[in-house]
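Engineer: Take a look at this one; I'll ask things after.
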Amino acid sequence: MKDARSLEGAVRGEARLTWYTFNCALFAAVGSLLYGIDSGIISTTISHESFKEYFAPYTDDISGAVVSTFGGGSFFGVVLSGYLADKWGRKRTIQLAALIALIAGVIQAASVHVGMLIAGRIIGGFAVGMMNMTIPIYNSEIAPPRWRGLVSGLHAQFVGFGFAAANWIGYGCSFASGQFQWRFPLAIQCLPALIVLVGIQFLPFSPRWLLEKGREEEALVVYKKLNAADGTHAEADQVANFNEMKHQMEDYNKTMVSSYGTLFSTPSYRKRILLAVLVQVFTQLSGINVINYQTTLYEGVGITGHNVTLLAGIYGLVGPIANIVCLAYVDKWGRKPTMWITGIVMGCDMAILMALTSQYASGTNKTGQGATIAFIFLFSIIYSLGYNSIHYIYVPEILSQPIRSRGSAVAVCCNILVNIVFNQISPRAFASIGYKYYAVFLSTNIVGAICVYFLFVETKGKTLEEIGELFGETPRTVHPGRKADDESVHEHHEETVK
């Protein structure tokens, strides 16, 4: 027979997701939409002839600077948000990022020379770096355990929607002329920034952050509202759950991390950081951001002009659609099996893609070239069924309250650095060894799947505090006020057995 503690966890796992909690997470994800738009809009914008003529001479080096400086700004935004999310809170950090993003959008849209444009890109990257790190933490901390995968995964979903929207905005503006063709896409990012800047004022602070700051009464009000517990039969249970979380937070407050160096001071912290870094690095090592370099295949099957942009727009939609399936089932599948199975399937897809590319990329067999493009699309679908949301869900889950912000910053920075490295070497690698470059990602996907299977822990359905037990933390002894609740849970189980 299960003990009272595990039975209580089972009952708590049945907590429903309230519309208030879902809407809070959904609104925060508007910032994720901004991240997707801001990241994706530049690829179509810099391809417009009116853009190149305005900033002439627009060399390859300048183009590289316009694109890559965004990643540099994002890196430093992540680093700063690791500090601000603890000091000011998740809510205020997102709000500050929205303000910075609004300023960046104005600078980019109003650019009169390339230096001004690059400055706007750096500032914009800084802002979305802050959002990319903080929004998954906020959503993870307000979500009920049973639905945390869905709620936290909204970030990846809206990033995908943002990328898709950027592609379609670029496609639509390709039919325009003059400066509107590139100024409008750059200005459109101001809209979600303004919405988040104003609207997030009405969202609650994270109850765990409030407890961390000693604001217990406010935290209880927020917790009960998120769980729709006021005046219901579940109120007593929710207050008891809150008290358990509060006592755990009191223990955490005794070991609060004051610097990034402290993250590596204890074995349980080091293991958490290792897994957080690995899941972020494996995301990049999947090859998702490299596979898109083979867009020259579109021309090989007779697709030219506006149709190339149209196909890019369709490609941008398949990922978000597949990601919806992931969000619907990730809290049933679990994180660990989703990641290692996805890794194996992506490796298989990469092997087939490598074989097809070797045979048809430079030939005249349009059927073979079409099949190659189909497997590029399929890779995006497979990735979105697994890693796309999981790496945003898993990292905040496995990092305990004292290290959640700074630990997330370290992991996301590793993701950015690996992405920058591949952005630099991939064009040269494809030019030098062609399809053989895919073998790198075939190998890394399989290695990643093996590491996940043997090293990672399953977090599905557990509270953020209970996950600490998976890393050797001693659970807080249930306080006397919970005894009656434990007994009622035990009695409920006995009746169910009878």
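Each chain in the structure tokens gets a letter, A, B and so on, in the order shown; residues start at 1 in every chain, and ligands are counted from 1 in the order they appear.
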Might you pull out every residue within 7 Å of Met354 in chain A, with only C-alpha atoms counted and same-chain residues fewer than 6 positions away left off, and present them as a count of residues only?
Structural biologist: 3
Engineer: Hey, which of A:Phe158, A:Phe456, A:Phe202, A:Tyr387 ends up closest to Ile273 in chain A? Count only C-alpha atoms.
Structural biologist: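 Going through A:Phe158, A:Phe456, A:Phe202, A:Tyr387 one by one, the smallest distance to Ile273 in chain A is for A:Phe456.
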Engineer: Given only C-alpha atoms as the basis, pick out the residue of A:Trp209, A:Phe76, A:Tyr360, A:Tyr35 nearest to Ile137 in chain A.
Structural biologist: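 For Ile137 in chain A, the nearest of the given residues is A:Trp209.
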Engineer: Of the candidates A:Gly287, A:Gly129, A:Gly71, A:Gly153, which shows the shortest atom-to-atom distance to Tyr437 in chain A, using only C-alpha atoms?
Structural biologist: A:Gly287
Engineer: Considering only C-alpha atoms, give me a table of residues in range 337-373 of chain A that are at most 12 Å from range 458-463 of chain A, with the closest atom pair and distance in Å for each, as JSON lines.
Structural biologist:
{"residue": "A:Pro337", "atom": "CA", "partner": "A:Glu458", "partner_atom": "CA", "distance": 8.5}
{"residue": "A:Thr338", "atom": "CA", "partner": "A:Glu458", "partner_atom": "CA", "distance": 10.4}
{"residue": "A:Met339", "atom": "CA", "partner": "A:Glu458", "partner_atom": "CA", "distance": 10.7}
{"residue": "A:Trp340", "atom": "CA", "partner": "A:Glu458", "partner_atom": "CA", "distance": 11.8}
Engineer: If we count only C-alpha atoms and set the cut-off at 7 Å, which residues sit around Leu17 in chain A, ignoring sequence neighbours fewer than 4 positions away in its own chain? Please answer as a ChimeraX atom specification.
Structural biologist: /A:21-22,144,147
Engineer: Those selected residues, please, written with all heavy atoms and delivered as a compact mmCIF listing (two decimals), in the first residue's frame.
Structural biologist:
# COMPACT_ATOMS: atom_id res chain seq x y z
N THR A 21 -5.15 30.66 -14.40
CA THR A 21 -3.74 30.27 -14.53
C THR A 21 -3.35 30.15 -16.00
O THR A 21 -2.30 30.66 -16.43
CB THR A 21 -3.48 28.94 -13.82
OG1 THR A 21 -3.81 29.07 -12.44
CG2 THR A 21 -2.03 28.52 -13.96
N PHE A 22 -4.20 29.50 -16.78
CA PHE A 22 -3.89 29.31 -18.20
C PHE A 22 -3.80 30.65 -18.92
O PHE A 22 -2.90 30.87 -19.74
CB PHE A 22 -4.96 28.44 -18.86
CG PHE A 22 -4.67 28.12 -20.30
CD1 PHE A 22 -3.71 27.19 -20.64
CD2 PHE A 22 -5.36 28.76 -21.32
CE1 PHE A 22 -3.43 26.88 -21.98
CE2 PHE A 22 -5.09 28.48 -22.65
CZ PHE A 22 -4.13 27.54 -22.98
N PRO A 144 0.07 24.18 -12.11
CA PRO A 144 -0.14 23.00 -11.27
C PRO A 144 0.72 21.85 -11.80
O PRO A 144 0.97 21.76 -13.01
CB PRO A 144 -1.64 22.70 -11.42
CG PRO A 144 -2.01 23.30 -12.74
CD PRO A 144 -1.13 24.50 -12.92
N TRP A 147 -0.19 19.80 -14.99
CA TRP A 147 -0.30 20.52 -16.26
C TRP A 147 0.91 21.41 -16.55
O TRP A 147 0.86 22.25 -17.43
CB TRP A 147 -1.57 21.38 -16.27
CG TRP A 147 -2.81 20.58 -16.10
CD1 TRP A 147 -3.55 20.42 -14.96
CD2 TRP A 147 -3.48 19.81 -17.11
NE1 TRP A 147 -4.62 19.61 -15.18
CE2 TRP A 147 -4.61 19.21 -16.50
CE3 TRP A 147 -3.23 19.57 -18.46
CZ2 TRP A 147 -5.48 18.39 -17.20
CZ3 TRP A 147 -4.09 18.74 -19.16
CH2 TRP A 147 -5.21 18.17 -18.53
Engineer: So, counting only C-alpha atoms, which residue among A:Pro427, A:Gly77, A:Gly468, A:Gly40 is closest to Val290 in chain A?
Structural biologist: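 Checking each of A:Pro427, A:Gly77, A:Gly468, A:Gly40 against Val290 in chain A, counting only C-alpha atoms, the winner is A:Pro427.
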Engineer: Taking 4 positions as the minimum chain separation for residues in the same chain, which residues sit within 9 Å of Ile382 in chain A when counting only C-alpha atoms? Answer as a ChimeraX atom specification.
Structural biologist: /A:319,322,342,345-346,349,377-378,386-387
Engineer: Figure out the distance between CA of Arg335 in chain A and CA of Gln280 in chain A, please, to one decimal in Å.
Structural biologist: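 Between CA of Gln280 in chain A and CA of Arg335 in chain A the gap works out to 13.8 Å.
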Engineer: Please, which residues of range 78-265 of chain A, numbered as in this document, come out helix (DSSP H, G or I) from DSSP, as a PyMOL selection string?
Structural biologist: chain A and resi 78-87+90-109+114-142+145-173+180-188+190-202+207-212+216-226+235-253+260-264
Engineer: Between A:Ala411, A:Met350, A:Ile425, A:Val330, single out the one closest to Leu385 in chain A, counting only C-alpha atoms.
Structural biologist: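 Among the listed residues, A:Val330 lies closest to Leu385 in chain A.
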Engineer: Which is closer to Leu464 in chain A than all the others in A:Leu311, A:Val452, A:Ile169, A:Leu399, using only C-alpha atoms?
Structural biologist: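 Checking each of A:Leu311, A:Val452, A:Ile169, A:Leu399 against Leu464 in chain A, counting only C-alpha atoms, the winner is A:Leu399.
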